[in-house]
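Colleague: Input structure: entry.cif, which contains mmCIF, C-alpha atoms and all ligand atoms.
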```cif
data_protein
#
loop_
_atom_site.group_PDB
_atom_site.id
_atom_site.type_symbol
_atom_site.label_atom_id
_atom_site.label_comp_id
_atom_site.auth_asym_id
_atom_site.auth_seq_id
_atom_site.Cartn_x
_atom_site.Cartn_y
_atom_site.Cartn_z
ATOM 1 C CA LEU A 12 157.582 68.651 47.072
ATOM 2 C CA LEU A 13 155.198 65.995 45.936
ATOM 3 C CA LEU A 14 158.260 64.290 44.518
ATOM 4 C CA ALA A 15 159.303 63.585 48.071
ATOM 5 C CA TYR A 16 156.736 60.791 47.922
ATOM 6 C CA ASP A 17 158.608 59.024 45.179
ATOM 7 C CA PRO A 18 160.352 56.055 46.876
ATOM 8 C CA ALA A 19 163.629 56.492 45.022
ATOM 9 C CA ARG A 20 163.842 60.119 46.038
ATOM 10 C CA ARG A 21 163.003 59.211 49.587
ATOM 11 C CA LEU A 22 165.848 56.724 49.676
ATOM 12 C CA ALA A 23 168.203 59.313 48.296
ATOM 13 C CA ARG A 24 167.109 61.688 51.025
ATOM 14 C CA VAL A 25 167.697 59.092 53.723
ATOM 15 C CA GLN A 26 171.203 58.565 52.418
ATOM 16 C CA ILE A 27 171.909 62.272 52.411
ATOM 17 C CA SER A 28 170.661 62.647 55.954
ATOM 18 C CA LEU A 29 172.798 59.721 57.117
ATOM 19 C CA GLU A 30 175.864 61.310 55.592
ATOM 20 C CA ARG A 31 174.990 64.570 57.220
ATOM 21 C CA ALA A 32 174.398 62.851 60.559
ATOM 22 C CA VAL A 33 177.967 61.585 60.432
ATOM 23 C CA VAL A 34 179.277 65.023 59.635
ATOM 24 C CA ASN A 35 177.244 66.478 62.477
ATOM 25 C CA ALA A 36 178.533 63.910 64.945
ATOM 26 C CA GLN A 37 182.088 64.688 63.902
ATOM 27 C CA MET A 38 181.420 68.347 64.353
ATOM 28 C CA ILE A 39 180.003 67.596 67.795
ATOM 29 C CA TYR A 40 177.556 70.087 66.644
ATOM 30 C CA ASP A 41 175.318 70.558 69.643
ATOM 31 C CA ILE A 42 178.199 71.582 71.863
ATOM 32 C CA LEU A 43 178.673 75.104 70.676
ATOM 33 C CA ASP A 44 181.720 75.758 72.820
ATOM 34 C CA MET A 45 183.702 72.999 71.168
ATOM 35 C CA GLU A 46 183.465 74.295 67.651
ATOM 36 C CA PRO A 47 186.538 75.970 66.216
ATOM 37 C CA VAL A 48 186.385 79.697 66.646
ATOM 38 C CA GLN A 49 186.295 81.872 63.564
ATOM 39 C CA ARG A 50 188.943 84.508 63.567
ATOM 40 C CA GLN A 51 187.798 87.427 65.609
ATOM 41 C CA LYS A 52 188.947 91.003 65.496
ATOM 42 C CA PRO A 53 191.892 91.771 67.778
ATOM 43 C CA ASP A 54 189.953 94.493 69.563
ATOM 44 C CA ALA A 55 186.742 92.434 69.832
ATOM 45 C CA GLN A 56 184.683 93.101 72.964
ATOM 46 C CA PRO A 57 182.086 90.763 74.446
ATOM 47 C CA LEU A 58 178.519 90.969 73.194
ATOM 48 C CA THR A 59 176.167 92.973 75.394
ATOM 49 C CA ILE A 60 172.729 91.391 75.583
ATOM 50 C CA SER A 61 169.608 93.456 76.140
ATOM 51 C CA ASN A 62 166.511 91.744 74.718
ATOM 52 C CA ALA A 63 168.346 89.185 72.556
ATOM 53 C CA THR A 64 167.001 90.223 69.169
ATOM 54 C CA VAL A 65 168.684 88.492 66.223
ATOM 55 C CA GLU A 66 168.719 90.233 62.864
ATOM 56 C CA LEU A 67 169.928 88.925 59.524
ATOM 57 C CA ARG A 68 170.687 91.787 57.196
ATOM 58 C CA ASP A 69 171.046 90.875 53.520
ATOM 59 C CA VAL A 70 173.078 87.758 54.315
ATOM 60 C CA VAL A 71 174.848 86.117 51.373
ATOM 61 C CA PHE A 72 176.623 82.802 51.839
ATOM 62 C CA SER A 73 178.175 79.901 49.933
ATOM 63 C CA TYR A 74 179.925 76.867 51.427
ATOM 64 C CA LYS A 75 182.162 76.461 48.366
ATOM 65 C CA ASP A 76 180.589 76.882 44.997
ATOM 66 C CA GLY A 77 176.984 77.842 44.489
ATOM 67 C CA THR A 78 175.338 80.560 46.511
ATOM 68 C CA ILE A 79 173.171 79.044 49.244
ATOM 69 C CA LEU A 80 171.873 82.254 50.835
ATOM 70 C CA LYS A 81 171.196 84.974 48.313
ATOM 71 C CA GLY A 82 170.490 87.998 50.476
ATOM 72 C CA VAL A 83 168.469 86.878 53.473
ATOM 73 C CA SER A 84 166.970 89.472 55.805
ATOM 74 C CA PHE A 85 164.652 88.966 58.743
ATOM 75 C CA THR A 86 164.459 89.824 62.422
ATOM 76 C CA ALA A 87 163.872 87.312 65.195
ATOM 77 C CA GLU A 88 162.491 89.528 67.950
ATOM 78 C CA GLY A 89 163.762 89.128 71.471
ATOM 79 C CA GLY A 90 161.736 86.673 73.547
ATOM 80 C CA LYS A 91 159.644 85.623 70.551
ATOM 81 C CA THR A 92 159.584 82.484 68.411
ATOM 82 C CA THR A 93 160.533 82.715 64.767
ATOM 83 C CA ALA A 94 159.891 79.600 62.676
ATOM 84 C CA LEU A 95 161.900 78.914 59.532
ATOM 85 C CA VAL A 96 160.003 76.837 56.996
ATOM 86 C CA GLY A 97 160.515 75.933 53.370
ATOM 87 C CA PRO A 98 161.470 73.074 51.103
ATOM 88 C CA SER A 99 164.543 70.961 51.690
ATOM 89 C CA GLY A 100 167.674 72.754 50.552
ATOM 90 C CA ALA A 101 166.157 76.221 51.002
ATOM 91 C CA GLY A 102 168.964 77.181 53.400
ATOM 92 C CA LYS A 103 167.304 76.887 56.817
ATOM 93 C CA SER A 104 170.077 74.861 58.473
ATOM 94 C CA THR A 105 172.665 77.109 56.901
ATOM 95 C CA ILE A 106 171.174 80.085 58.731
ATOM 96 C CA ILE A 107 171.416 78.154 61.985
ATOM 97 C CA ASN A 108 175.105 77.426 61.184
ATOM 98 C CA LEU A 109 175.911 81.095 60.721
ATOM 99 C CA ILE A 110 174.529 82.401 64.022
ATOM 100 C CA PRO A 111 177.163 80.660 66.234
ATOM 101 C CA ARG A 112 179.774 81.566 63.575
ATOM 102 C CA PHE A 113 180.520 78.026 62.437
ATOM 103 C CA TYR A 114 180.788 79.869 59.140
ATOM 104 C CA ASP A 115 180.813 83.560 58.333
ATOM 105 C CA PRO A 116 178.621 85.223 55.697
ATOM 106 C CA ASN A 117 180.226 86.329 52.446
ATOM 107 C CA GLY A 118 178.046 89.409 52.462
ATOM 108 C CA GLY A 119 175.648 91.203 54.768
ATOM 109 C CA ALA A 120 175.659 90.856 58.532
ATOM 110 C CA ILE A 121 174.104 89.076 61.477
ATOM 111 C CA LEU A 122 173.384 91.286 64.451
ATOM 112 C CA ILE A 123 172.451 90.444 67.996
ATOM 113 C CA ASP A 124 170.965 93.409 69.809
ATOM 114 C CA GLY A 125 172.391 95.618 67.099
ATOM 115 C CA GLN A 126 175.960 94.320 67.369
ATOM 116 C CA ASN A 127 177.500 92.576 64.380
ATOM 117 C CA ILE A 128 178.504 89.112 65.600
ATOM 118 C CA ALA A 129 181.688 89.423 63.531
ATOM 119 C CA ASP A 130 182.775 92.417 65.656
ATOM 120 C CA VAL A 131 182.367 90.898 69.126
ATOM 121 C CA THR A 132 184.121 87.898 70.680
ATOM 122 C CA THR A 133 182.921 84.581 69.284
ATOM 123 C CA MET A 134 182.841 83.090 72.754
ATOM 124 C CA SER A 135 180.440 85.744 73.983
ATOM 125 C CA VAL A 136 178.143 85.057 71.020
ATOM 126 C CA ARG A 137 178.090 81.319 71.752
ATOM 127 C CA GLN A 138 177.597 81.812 75.471
ATOM 128 C CA ASN A 139 174.305 83.466 74.671
ATOM 129 C CA LEU A 140 173.128 80.644 72.417
ATOM 130 C CA ALA A 141 171.849 77.176 73.113
ATOM 131 C CA TYR A 142 171.241 74.630 70.411
ATOM 132 C CA VAL A 143 168.962 71.603 70.322
ATOM 133 C CA SER A 144 169.555 69.458 67.276
ATOM 134 C CA GLN A 145 167.551 66.744 65.547
ATOM 135 C CA GLN A 146 170.140 64.153 66.401
ATOM 136 C CA PRO A 147 171.390 64.941 69.879
ATOM 137 C CA TYR A 148 174.915 63.745 70.438
ATOM 138 C CA LEU A 149 175.742 61.800 73.572
ATOM 139 C CA PHE A 150 179.344 61.613 74.715
ATOM 140 C CA GLU A 151 181.005 58.777 76.547
ATOM 141 C CA GLY A 152 180.322 59.576 80.165
ATOM 142 C CA THR A 153 177.508 59.680 82.627
ATOM 143 C CA ILE A 154 174.089 61.221 82.156
ATOM 144 C CA ARG A 155 175.197 63.973 84.526
ATOM 145 C CA ASP A 156 178.309 64.702 82.429
ATOM 146 C CA ASN A 157 176.192 64.829 79.312
ATOM 147 C CA ILE A 158 173.913 67.486 80.734
ATOM 148 C CA ARG A 159 176.861 69.382 82.180
ATOM 149 C CA TYR A 160 178.290 69.901 78.678
ATOM 150 C CA GLY A 161 175.725 72.660 78.422
ATOM 151 C CA ARG A 162 177.612 74.643 81.086
ATOM 152 C CA PRO A 163 180.698 73.030 82.611
ATOM 153 C CA GLU A 164 180.481 75.023 85.844
ATOM 154 C CA ALA A 165 176.864 73.995 86.550
ATOM 155 C CA THR A 166 176.306 72.499 90.000
ATOM 156 C CA ASP A 167 174.700 69.099 90.521
ATOM 157 C CA ALA A 168 171.566 70.834 91.757
ATOM 158 C CA GLU A 169 171.397 72.978 88.612
ATOM 159 C CA ILE A 170 171.810 69.870 86.469
ATOM 160 C CA GLU A 171 168.961 68.142 88.241
ATOM 161 C CA ASP A 172 166.756 71.227 88.025
ATOM 162 C CA ALA A 173 167.355 71.360 84.269
ATOM 163 C CA ALA A 174 166.567 67.653 83.990
ATOM 164 C CA LYS A 175 163.316 68.185 85.892
ATOM 165 C CA LEU A 176 162.289 71.032 83.609
ATOM 166 C CA ALA A 177 163.120 68.853 80.593
ATOM 167 C CA PHE A 178 160.978 66.000 81.980
ATOM 168 C CA ALA A 179 164.108 63.845 82.132
ATOM 169 C CA HIS A 180 164.571 63.550 85.906
ATOM 170 C CA ASP A 181 162.162 60.631 86.374
ATOM 171 C CA PHE A 182 163.558 58.432 83.628
ATOM 172 C CA ILE A 183 167.091 59.243 84.822
ATOM 173 C CA LEU A 184 166.255 58.133 88.360
ATOM 174 C CA ALA A 185 164.772 54.940 86.921
ATOM 175 C CA GLN A 186 168.157 54.017 85.382
ATOM 176 C CA PRO A 187 170.343 51.572 87.306
ATOM 177 C CA GLN A 188 172.802 54.247 88.473
ATOM 178 C CA GLY A 189 170.595 57.307 88.151
ATOM 179 C CA TYR A 190 172.570 60.384 87.108
ATOM 180 C CA GLU A 191 175.797 58.349 87.196
ATOM 181 C CA THR A 192 174.565 55.905 84.518
ATOM 182 C CA PRO A 193 177.054 55.728 81.634
ATOM 183 C CA VAL A 194 175.674 56.644 78.208
ATOM 184 C CA GLY A 195 177.241 57.121 74.761
ATOM 185 C CA GLU A 196 178.523 54.449 72.363
ATOM 186 C CA ASN A 197 179.467 51.987 75.084
ATOM 187 C CA GLY A 198 176.874 52.984 77.634
ATOM 188 C CA MET A 199 173.203 52.590 78.177
ATOM 189 C CA THR A 200 170.988 52.792 75.123
ATOM 190 C CA LEU A 201 168.437 55.561 75.386
ATOM 191 C CA SER A 202 165.319 55.944 73.286
ATOM 192 C CA GLY A 203 165.025 58.778 70.802
ATOM 193 C CA GLY A 204 162.722 60.695 73.138
ATOM 194 C CA GLN A 205 165.083 60.269 76.098
ATOM 195 C CA ARG A 206 168.032 61.531 74.063
ATOM 196 C CA GLN A 207 165.992 64.533 73.013
ATOM 197 C CA ARG A 208 165.101 65.311 76.619
ATOM 198 C CA LEU A 209 168.751 65.061 77.700
ATOM 199 C CA SER A 210 169.666 67.433 74.929
ATOM 200 C CA ILE A 211 166.940 69.841 76.078
ATOM 201 C CA ALA A 212 168.226 69.572 79.672
ATOM 202 C CA ARG A 213 171.687 70.414 78.321
ATOM 203 C CA ALA A 214 170.285 73.499 76.633
ATOM 204 C CA LEU A 215 168.346 74.495 79.762
ATOM 205 C CA VAL A 216 171.351 74.239 82.075
ATOM 206 C CA ARG A 217 173.126 76.621 79.726
ATOM 207 C CA ASN A 218 170.401 79.161 80.426
ATOM 208 C CA ALA A 219 171.149 81.162 77.284
ATOM 209 C CA PRO A 220 168.719 83.845 76.082
ATOM 210 C CA ILE A 221 168.712 82.586 72.475
ATOM 211 C CA LEU A 222 167.659 79.062 71.549
ATOM 212 C CA LEU A 223 168.366 77.571 68.129
ATOM 213 C CA LEU A 224 166.188 74.581 67.531
ATOM 214 C CA ASP A 225 166.126 72.039 64.750
ATOM 215 C CA GLU A 226 162.839 70.285 65.207
ATOM 216 C CA ALA A 227 163.033 66.531 64.750
ATOM 217 C CA THR A 228 161.401 65.025 61.695
ATOM 218 C CA SER A 229 161.899 61.436 62.793
ATOM 219 C CA ALA A 230 158.779 60.049 64.361
ATOM 220 C CA LEU A 231 158.782 59.369 68.073
ATOM 221 C CA ASP A 232 155.882 57.412 69.492
ATOM 222 C CA THR A 233 152.968 59.615 70.488
ATOM 223 C CA GLU A 234 153.732 59.494 74.187
ATOM 224 C CA SER A 235 157.428 60.461 73.919
ATOM 225 C CA GLU A 236 156.481 63.047 71.342
ATOM 226 C CA ALA A 237 154.134 64.710 73.808
ATOM 227 C CA VAL A 238 156.744 64.775 76.586
ATOM 228 C CA VAL A 239 159.479 66.091 74.298
ATOM 229 C CA GLN A 240 157.069 68.780 73.170
ATOM 230 C CA LYS A 241 156.359 69.778 76.761
ATOM 231 C CA ALA A 242 160.097 69.935 77.489
ATOM 232 C CA LEU A 243 160.630 72.091 74.421
ATOM 233 C CA ASP A 244 157.808 74.412 75.424
ATOM 234 C CA THR A 245 159.591 74.961 78.744
ATOM 235 C CA ALA A 246 162.910 75.592 77.012
ATOM 236 C CA MET A 247 161.309 78.084 74.623
ATOM 237 C CA THR A 248 159.543 80.132 77.279
ATOM 238 C CA GLY A 249 161.036 83.594 77.700
ATOM 239 C CA ARG A 250 163.749 83.022 75.084
ATOM 240 C CA THR A 251 164.379 84.224 71.587
ATOM 241 C CA VAL A 252 163.782 81.069 69.578
ATOM 242 C CA ILE A 253 164.748 80.409 65.986
ATOM 243 C CA VAL A 254 163.305 77.059 65.038
ATOM 244 C CA ILE A 255 163.570 75.018 61.857
ATOM 245 C CA ALA A 256 159.999 73.917 62.116
ATOM 246 C CA HIS A 257 158.579 70.681 60.805
ATOM 247 C CA ARG A 258 155.470 70.421 62.940
ATOM 248 C CA LEU A 259 152.414 72.386 61.986
ATOM 249 C CA SER A 260 151.678 72.962 65.682
ATOM 250 C CA THR A 261 155.009 74.776 66.131
ATOM 251 C CA VAL A 262 154.447 76.917 63.094
ATOM 252 C CA VAL A 263 150.902 77.833 64.060
ATOM 253 C CA LYS A 264 152.100 79.011 67.487
ATOM 254 C CA ALA A 265 155.123 80.930 66.183
ATOM 255 C CA ASP A 266 155.155 84.705 66.566
ATOM 256 C CA LYS A 267 156.629 84.939 63.095
ATOM 257 C CA ILE A 268 157.043 82.529 60.201
ATOM 258 C CA VAL A 269 159.859 83.095 57.728
ATOM 259 C CA VAL A 270 159.258 81.116 54.541
ATOM 260 C CA MET A 271 162.407 80.318 52.601
ATOM 261 C CA ASN A 272 162.904 79.028 49.117
ATOM 262 C CA GLU A 273 166.173 78.622 47.223
ATOM 263 C CA GLY A 274 168.180 80.827 49.525
ATOM 264 C CA LEU A 275 165.694 83.667 49.786
ATOM 265 C CA VAL A 276 162.956 84.744 52.157
ATOM 266 C CA VAL A 277 159.825 84.576 50.028
ATOM 267 C CA GLU A 278 157.146 85.265 52.648
ATOM 268 C CA GLU A 279 156.980 86.432 56.238
ATOM 269 C CA GLY A 280 154.063 86.633 58.632
ATOM 270 C CA VAL A 281 151.864 84.643 60.982
ATOM 271 C CA HIS A 282 150.087 81.414 60.129
ATOM 272 C CA ASP A 283 146.577 82.780 59.590
ATOM 273 C CA THR A 284 147.721 85.476 57.205
ATOM 274 C CA LEU A 285 150.125 83.302 55.238
ATOM 275 C CA ALA A 286 147.722 80.374 54.993
ATOM 276 C CA ARG A 287 145.166 82.685 53.351
ATOM 277 C CA GLN A 288 147.534 83.807 50.565
ATOM 278 C CA GLU A 289 146.436 81.033 48.296
ATOM 279 C CA ASP A 290 149.056 81.465 45.619
ATOM 280 C CA GLY A 291 151.825 81.628 48.244
ATOM 281 C CA LEU A 292 154.375 78.936 49.009
ATOM 282 C CA TYR A 293 153.311 78.707 52.650
ATOM 283 C CA ALA A 294 149.688 78.030 51.746
ATOM 284 C CA ARG A 295 150.812 75.316 49.358
ATOM 285 C CA LEU A 296 153.048 73.679 51.975
ATOM 286 C CA ASN A 297 150.266 73.965 54.500
ATOM 287 C CA ASN A 298 147.754 72.336 52.147
ATOM 288 C CA LEU A 299 150.166 69.494 51.493
ATOM 289 C CA GLN A 300 150.454 68.900 55.189
ATOM 290 C CA ALA A 301 146.690 68.949 55.570
ATOM 291 C CA THR A 302 146.408 66.208 52.961
ATOM 292 C CA GLY A 303 148.938 64.062 54.775
ATOM 293 C CA VAL A 304 152.015 64.846 52.699
ATOM 294 C CA ARG A 305 154.855 66.210 54.780
ATOM 295 C CA GLY A 306 154.920 69.719 53.402
ATOM 296 C CA LEU A 307 156.419 71.762 56.187
HETATM 297 P P1 LIG A 401 166.757 70.588 54.957
HETATM 298 O O1 LIG A 401 165.360 70.854 55.405
HETATM 299 O O2 LIG A 401 166.845 69.463 53.995
HETATM 300 O O3 LIG A 401 167.760 70.459 56.060
HETATM 301 P P2 LIG A 401 167.618 73.306 54.537
HETATM 302 O O4 LIG A 401 166.614 74.284 54.100
HETATM 303 O O5 LIG A 401 167.992 73.292 55.972
HETATM 304 O O6 LIG A 401 167.194 71.864 54.079
HETATM 305 P P3 LIG A 401 170.410 73.590 54.100
HETATM 306 O O7 LIG A 401 170.725 72.369 54.898
HETATM 307 O O8 LIG A 401 170.764 74.901 54.655
HETATM 308 O O9 LIG A 401 168.890 73.587 53.659
HETATM 309 O O10 LIG A 401 171.116 73.381 52.712
HETATM 310 C C1 LIG A 401 171.141 74.330 51.671
HETATM 311 C C2 LIG A 401 172.118 73.841 50.637
HETATM 312 O O11 LIG A 401 173.435 73.845 51.180
HETATM 313 C C3 LIG A 401 171.877 72.417 50.152
HETATM 314 O O12 LIG A 401 172.071 72.407 48.753
HETATM 315 C C4 LIG A 401 172.943 71.605 50.848
HETATM 316 O O13 LIG A 401 173.324 70.506 50.067
HETATM 317 C C5 LIG A 401 174.076 72.601 50.999
HETATM 318 N N1 LIG A 401 174.900 72.318 52.212
HETATM 319 C C6 LIG A 401 174.435 72.196 53.466
HETATM 320 N N2 LIG A 401 175.448 72.009 54.327
HETATM 321 C C7 LIG A 401 176.594 72.000 53.600
HETATM 322 C C8 LIG A 401 177.990 71.851 53.905
HETATM 323 N N3 LIG A 401 178.401 71.666 55.154
HETATM 324 N N4 LIG A 401 178.867 71.924 52.873
HETATM 325 C C9 LIG A 401 178.434 72.128 51.608
HETATM 326 N N5 LIG A 401 177.143 72.271 51.249
HETATM 327 C C10 LIG A 401 176.225 72.215 52.217
#
```
What is this structure when it is put down as structure tokens?
Ligand code: ATP
Modeller:
Amino acid sequence: LLLAYDPARRLARVQISLERAVVNAQMIYDILDMEPVQRQKPDAQPLTISNATVELRDVVFSYKDGTILKGVSFTAEGGKTTALVGPSGAGKSTIINLIPRFYDPNGGAILIDGQNIADVTTMSVRQNLAYVSQQPYLFEGTIRDNIRYGRPEATDAEIEDAAKLAFAHDFILAQPQGYETPVGENGMTLSGGQRQRLSIARALVRNAPILLLDEATSALDTESEAVVQKALDTAMTGRTVIVIAHRLSTVVKADKIVVMNEGLVVEEGVHDTLARQEDGLYARLNNLQATGVRGL
């Protein structure tokens, strides 16, 4: 991890993340409904949600060659926040890819409220998920359209309510055409924090019980950071949250921390307990962060 400070390695990482950003944009990743649907069983029934508990049971997965997840098990309790932490490449994003069935595990199972997501309709799984990514994607269209992607049948009032909860309403009204302002490649340029808040509004209008969150690593200025954080806190309230956590504050607040390394869960617990296990990976990552090196 200390190697991440080496400038050459940092550059390599930037390049990798740029490549990945392109892939993500092509996948139009934050719009779950637009992803191709994995084959579902002919007799598949819709998922029935009770408390929205997500369980990974001995999940094994490889994209092509090389096993990325080597038997991952943990439970994200309904209505609680579970933070995934661990070094780059540990498999955190891969887990997030498997829950909406962008890919299917090669072994083991993912269950939502006890139902294997491979046995129910894919659409019903995705309807119960919302996703907020690091690099929110904005489509050609108005601000209103971009929020509405979260739930096409949302009314204008619901869109504005979501924007208010995401602390986006005021900056939207300050735009030349308010909610009708065009954004996307040829539209208005929005700051990183504004994009994040639109993406959170999109997730809120979806009103799904499970929120998948990839916490941004890129620095926003302190003020936008604080507002984005407030918007996220609103989005997380009352939902089952699985967050790829980069901020110590998120991890400290999490109901459960799942520490991953090389495709395995190596530790699980809450911050205070894990931070005290001095020979543990979490304590080491936490100490790095305390000394100013981005550990988590
Ligand atoms: P980071 O914090 O850097 O995002 P991570 O813990 O989220 O890391 P993953 O993104 O899940 O880790 O990656 C685990 C491994 O899977 C890495 O070796 C990565 O190169 C590989 N990988 C990720 N996505 C794909 C893909 N779409 N196709 C092939 N390999 C992939």
Colleague: Just so the selection is clear, what residues does the PyMOL selection byres (((chain A and resi 144-156) around 8) and not hetatm) cover here, as a VMD selection string?
Modeller: chain A and resid 32 36 39 to 41 142 to 143 157 to 160 167 170 183 189 to 198 206 to 207 209 to 210 224 to 228
Colleague: List all protein, DNA and RNA residues that have any atom at most 10 Å from ligand LIG 401 (chain A), counting only C-alpha atoms and all ligand atoms, and write the list as a VMD selection string.
Modeller: chain A and resid 24 27 to 28 31 34 to 35 72 to 80 95 to 108 113 to 114 225 228 255 to 257 271 to 274 307
Colleague: Would you please work out which residue, of A:Gly89, A:Pro220, A:Gly203, A:Pro57, is nearest to A:Asn127 when using all atoms listed in the file?
Modeller: A:Pro57
Colleague: If the PyMOL selection byres (((chain A and resi 242) around 8) and not hetatm) were run on this exact file, what residues would it hold? Put them as a list in words.
Modeller: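 Answer for the PyMOL selection byres (((chain A and resi 242) around 8) and not hetatm): Leu176, Ala177, Phe178, Arg208, Ile211, Val238, Val239, Gln240, Lys241, Leu243, Asp244, Thr245 and Ala246 of chain A.
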Colleague: What does the distance from atom CA of A:Leu215 to atom CA of A:Leu67 come to in Å, to one decimal?
Modeller: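 If I compute the distance from atom CA of A:Leu215 to atom CA of A:Leu67, I get 24.9 Å.
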Colleague: Rounded to one decimal place, report the atom CA of A:Ile123-atom CA of A:Val263 distance in Å.
Modeller: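 Between these atoms lies a distance of 25.3 Å.
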Colleague: Report as an NGL selection string the full result of the PyMOL selection byres (((chain A and resi 131) around 6) and not hetatm) when it is applied to this structure.
Modeller: :A and (55-58 or 128-130 or 132)
Colleague: Report as lines of an AutoDock Vina configuration file the centre and the edge lengths, in Å to one decimal, of the axis-aligned box holding every listed atom of stretch 72-87 of chain A, padded by 6 Å on each side.
Modeller:
```
center_x = 173.0
center_y = 83.1
center_z = 54.8
size_x = 30.3
size_y = 25.4
size_z = 32.7
```
